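Colleague: Got a structure for you, written out below as structure tokens; questions coming shortly.
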Amino acid sequence: MNALLFGWIAWGEWRAYPVRVALSVLAIAVGVSLGFAVHLVNRAALGEMASALNTVAGSADLQIVSVEPSGFDEELFATLAARPEIAAASPVIERSVALAAGRGTLDIQGIDVLRAAAVTPALIPNPDASARERLFDTDSLYLSPAAQAALSAKPGAFLDILANGRSQRLAVAGTLGGARAGESLGMMDIGAAQWRLGLIGRLSRIDLKLNAGVSPETFTRVLETLVPEGVRIVTPRQRDARTDSLSRAYRVNLDMLALMALFTGAFLVYSTQSLSVARRAAQGALLRVIGLPRRALVLQVVLEGALLGVAGSLLGLVLGLALAGTALHWLGGDLGGGYFTGMHPHLVITPWAGATFFVLGLAAALFGSFLPARTASRVQPAIALKSGSESGDPRARPVAFWAVGALVLGALCAMLPALDGLAVFGYLSMALLLFGGIALMPWLAHALLGPLIRHAPRQMPLTLDLALKRLWGAPTQAAVALCGIVAATSLMVAMGIMVTSFRESVDAWVERLLPAELYLHITGPIESVGLDLATEQRLAGLPGVGSIEFLRTLPLQLSPSQPPVVLLARSIPPEGPGATLQLVAEQPAPAGAIPVWISEAVVDLYGVRLGQTLSLPLPDAAGMPRGVRVFVAGVWRDYARQAGSIVMRETDYTALTGDHLRSDAGVRTSAGADLGELSDRIRAVLPEAVAAHAELARPAQIRATSLRIFDRSFAVTYVLEGVAIVIGLLGVAATFSAQTVARAREFGMLRHVGVLRVQIVRMLCWEGALLGLLGVAAGLLVGLAMSQVLIHVVNPQSFHWSMDTHIPWLLLGTVGMLLLAASAGTAVLAGREALSGAAILAVREDW
């Protein structure tokens with residue numbers, strides 16, 4: 001095709017309708033920018049997390065990690081260090097300690113400086129000039145720059161910690177210069193750490209660097225015969241996978257929402273191109289008559305769409321970069337999700353990421369241009385020259401085969417399992433349902449408008465009669481307008497129902513989980529500031545306390561490639577666990593078995609089923625880890641711990657471990673007790689060190705905090721949903737505006753035969769309202785189907801929890817009415833503009 005002819009046609013169209021072209025470019029730009037920004041933020045957060053882990057793990061090929069806070073016998077280090085396959089071995093103590101006066105907690109690592117230099121050089125301290133000879137002193141502590149800033153503890157200052165059952169004072173002797181920016185960490189000599197933290201003869205971790213030629217996978221099988229029970233062998237790949245799994249589902253969901261906005265932008269391009277093709281039908285027919293090949297006409301439309309995609313993608317990359325920087329500054333690397341707290345990631349731009357999103361934006365524009373180009377190529381020139389912009393036969397029934405096929409395929413995809421832990425087929429199902437619903441609109445418009453005209457009452461307003469006949473006589477334009485309304489409505493309905501269902505389910509879950517009137521929570525490491533047996537007895541005997549239930553939480557590492565699950569040792573009421581746990585399945589435990597109730601995440605991540613036995617790595621009375629067989633008596637919903645949780649009777653846990661320390665308590669008050677006075681009594685009987693870390697809250701406060709966290713984690717979801725809806729509404733407005741402006745000749749003819757201007761405006765209002773009503777109804781059905789995929793497929797497969805469907809009728813009704821008003825209002829406003837010219841000029845071509 002001649003480049004001059006292409007430029008002349010395209011420039012003439014864009015110059016005549018610059019607003020619609022700008023909206024199409026902006027829609028692609030918004031979709032690309034959101035996807036690119038979310039990707040950049042995700043990569044920055046993961047990169048920062050990986051760097052933090054590399055600071056700790058260094059160049060270790062393997063790590064021997066304890067699954068218990070008490071660690072494992074240090075004799076294992078001597079055994080491994082003597083192995084010929086190992087080039088260097090570095091023993092490590094890890095412990096989170098509470099700071100005095102309720103100043104929070106600090107992660108402390110104890111290392112052998114000489115051995116760590118070969119494996120984890122980033123942990124080597126930089127002593128202060130005045131304390132170089134105190135490197136191995138038992139009270140020397142080296143803090144990362146972030147920890148020094150957070151604790152206002154420069155070299156020479158003193159820091160009081162709570163560890164090993166007593167308050168201890170440490171001297172800040174220097175800086176941990178190898179720590180990442182924002183990483184709060186403390187380092188001590190390993191001997192001092194073992195003594196100060198009460199871990200004499202114990203280790204938390206051993207970092208291993210293997211000799212050249214030794215395969216970590218092969219040597220892992222050798223290590224499995226050497227390490228005792230309760231110790232895990234972790235490879236760098238497993239460590240990275242465990243880090244990635246913490247937030248992968250959340251990140252993928254945000255990516256999908258951003259791409260949904262891009263898909264909606266593709267529809268806006270489709271709408272613009274469809275109307276452009278319909279309006280230029282006579283022009284295209286004339287070009288065909290004078291010798292332009294059919295493929296050249298297709299190429300014209302596709303290249304116009306490609307230029308829109310290129311402009312939108314380039315603009316989107318620039319906007320995405322700015323948006324990512326803003327999001328990192330205000331929301332952090334987790335975008336409000338709560339996965340990467342305390343981190344300060346920095347943007348890292350990779351060319352392949354920019355190229356990928358540029359291609360996605362271009363593909364969306366080409367997708368939106370392909371069908372209009374195909375339609376333009378099939379129009380017969382003689383018919384187009386005669387009939388103008390709407391050359392379709394209203395009596396021809398549109399084909400619904402592809403639309404129905406997409407809907408059926410979408411339903412089938414919703415039944416498929418997750419792929420590598422991701423709801424790939426769930427997202428595909430939603431895309432197919434949305435595409436099928438939109439593609440069904442031409443058939444639906446024909447199927448409904450035809451009978452409506454045939455069975456309409458004879459005595460109806462003239463303007464309504466004209467509107468019905470116009471919609472039936474121009475099925476292509478009616479279908480394009482319907483598609484925009486369906487796209488906007490279905491996305492809004494699907495996300496609105498999902499978020500409301502999730503929020504209501506979380507609210508009901510919190511209410512079930514918190515039956516007491518007052519809750520006590522001890523922040524910080526339980527070994528340092530937990531509630532001991534004597535304190536528990538004093539609390540139980542306080543005036544105003546009717547009954548009190550204590551809770552112990554303990555992380556359990558069931559797999560080296562997964563984050564630890566949380567064991568909850570708590571009281572089970574006489575009426576059964578269903579009184580406080582939201583059970584989804586239950587089975588009585590056999591006589592003599594130890595029952596536990598696992599969360600849905602444990603079922604999905606570890607393949608554990610109801611009625612099975614499970615081995616838990618619990619410590620015995622001496623603190624040595626051992627496998628304890630338990631019976632899975634129930635499955636429950638847990639929205640707080642995505643990595644999984646296991647509930648055990650408090651009495652069973654104490655009998656197995658001899659551990660009486662507790663971190664939480666639920667207080668049921670006696671009749672007439674004042675909660676304010678009772679809170680003061682509780683604080684008065686707590687030891688001073690524990691009282692500084694005690695938090696007291698009522699169920700209503702906890703519920704409000706939980707919902708506030710929920711809303712924060714979904715803040716970006718709300719934004720992405722809103723952007724997709726705004727793009728859809730812009731598509732609706734652009735569609736009605738373009739259609740109305742293109743009908744100037746029709747309006748002129750109506751004026752010539754005696755139809756008043758106000759009647760034409762009313763006719764347009766009826767058209768917009770009828771299309772809006774039909775589109776909103778169809779969008780509600782498509783959105784409801786998509787919401788069920790989100791609720792029953794995507795969320796269980798991504799986050800491992802289920803929920804009940806709750807429909808926000810008020811929200812749906814309000815947005816539905818807004819869409820109706822937008823459809824009718826846009827048609828009227830555009831019609832008034834089209835009617836502003838002289839009627840005789842509009843029909844001059846017919847003379």
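Within each chain, counting starts at residue 1; across the structure tokens, chains are named A, B, ... in the order shown, with ligands numbered 1 upward in that order.
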Quick one: residues within 8 Å of A:Pro699, only C-alpha atoms, excluding same-chain residues fewer than 4 positions away - as a PyMOL selection string?
Modeller: chain A and resi 511+514-519+703
Colleague: Could you save those same residues with N, CA, C and O atoms as a compact mmCIF listing (two decimals), in the first residue's frame?
Modeller:
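For reference, part_13.txt as written:
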# COMPACT_ATOMS: atom_id res chain seq x y z
N GLU A 511 -15.22 -12.51 63.95
CA GLU A 511 -16.24 -12.58 65.00
C GLU A 511 -16.30 -13.97 65.62
O GLU A 511 -16.45 -14.12 66.83
N LEU A 514 -13.09 -14.68 67.91
CA LEU A 514 -12.88 -13.87 69.10
C LEU A 514 -14.14 -13.84 69.96
O LEU A 514 -14.86 -12.85 70.01
N PRO A 515 -14.42 -14.93 70.70
CA PRO A 515 -15.64 -14.95 71.51
C PRO A 515 -15.51 -14.26 72.86
O PRO A 515 -16.52 -13.98 73.51
N ALA A 516 -14.27 -13.98 73.31
CA ALA A 516 -14.08 -13.39 74.63
C ALA A 516 -14.32 -11.88 74.58
O ALA A 516 -14.46 -11.27 73.52
N GLU A 517 -14.36 -11.26 75.78
CA GLU A 517 -14.61 -9.82 75.88
C GLU A 517 -13.34 -8.99 75.86
O GLU A 517 -13.37 -7.80 75.58
N LEU A 518 -12.18 -9.60 76.18
CA LEU A 518 -10.93 -8.86 76.26
C LEU A 518 -9.79 -9.80 75.87
O LEU A 518 -9.79 -10.98 76.24
N TYR A 519 -8.82 -9.26 75.10
CA TYR A 519 -7.71 -10.07 74.62
C TYR A 519 -6.38 -9.43 75.00
O TYR A 519 -6.20 -8.21 74.87
N ARG A 703 -11.37 -6.30 65.45
CA ARG A 703 -12.14 -6.41 64.19
C ARG A 703 -11.90 -5.19 63.32
O ARG A 703 -11.68 -5.31 62.11
Colleague: Would you mind writing down, as a ChimeraX atom specification, each residue of stretch 474-712 of chain A that DSSP on the backbone assigns to alpha helix (DSSP H)?
Modeller: /A:475-513,526-529,533-540,600-606,650-657,675-685,688-691,699-712
Colleague: For a quick check of understanding, using only C-alpha atoms, which of A:Leu185, A:Val499, A:Val719, A:Ala569 has the smallest distance to A:Thr805?
Modeller: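 Closest residue, counting only C-alpha atoms: A:Val499.
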Colleague: Would you kindly return, as number ranges by chain, each protein, DNA or RNA residue with an atom no farther than 6 Å from any atom of stretch 816-826 of chain A, considering only C-alpha atoms and excluding same-chain residues fewer than 3 positions away?
Modeller: A: 733, 765, 768-769, 772, 812-813, 829
Colleague: Just give me the gap between atom CA of A:Leu412 and atom CA of A:Val38 in Å, one decimal is fine.
Modeller: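 Separation between atom CA of A:Leu412 and atom CA of A:Val38: 29.5 Å.
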Colleague: Quick check, in Å to one decimal: how far apart do atom CA of A:Cys413 and atom CA of A:Val493 lie?
Modeller: 20.4 Å
Colleague: Which residue gives the smallest distance to A:Ala540 among A:Asp465, A:Met441, A:Gly666, A:Met415, with only C-alpha atoms counted?
Modeller: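 Distance minimum relative to A:Ala540 lands on A:Gly666.
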Colleague: Could you name the residues that touch A:Glu94 at 12 Å or less, counting only C-alpha atoms, but leaving out those on the same chain fewer than 2 positions away, as a count of residues only?
Modeller: 35
Colleague: May I have the residues within 12 Å of A:Trp766 as a list in words, using only C-alpha atoms and disregarding those fewer than 4 positions away in the same chain?
Modeller: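 In the requested format, the answer is Pro461, Leu462, Thr463, Leu464, Asp465, Leu466, Ala467, Leu468, Lys469, Arg470, Leu471, Gln759, Ile760, Val761, Arg762, Leu770, Leu771, Gly772, Leu773, Leu820, Ala821, Ser823, Ala824, Gly825, Thr826, Ala827 and Val828 of chain A.
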Colleague: Applying 8 Å and only C-alpha atoms, which residues near A:Pro808 remain after dropping the ones on its own chain fewer than 3 positions away? List them as a list in words.
Modeller: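 Here the answer would be Gly496, Ile497, Thr500, Leu811 and Leu812 of chain A.
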Colleague: Please determine, counting only C-alpha atoms, which residue among A:Gly230, A:Arg458, A:Phe357, A:Arg95 has the shortest atom-to-atom distance to A:Pro617.
Modeller: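 Selected residue with least distance to A:Pro617: A:Gly230.
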Colleague: Kindly indicate which residue among A:Leu531, A:Leu452, A:Val628, A:Ala684 lies nearest to A:Leu614, using only C-alpha atoms for the distances.
Modeller: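 Once distances to A:Leu614 are computed over only C-alpha atoms, the minimum belongs to A:Val628.
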Colleague: Expressed in Å to a single decimal, how great is the separation between atom CA of A:Leu661 and atom CA of A:Val529?
Modeller: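 These two atoms are separated by 9.1 Å.
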Colleague: From the options A:Trp801, A:Phe425, A:Phe435, A:Phe710, which residue's atoms come nearest to A:Ala403, counting only C-alpha atoms?
Modeller: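 Distance minimum relative to A:Ala403 lands on A:Phe435.
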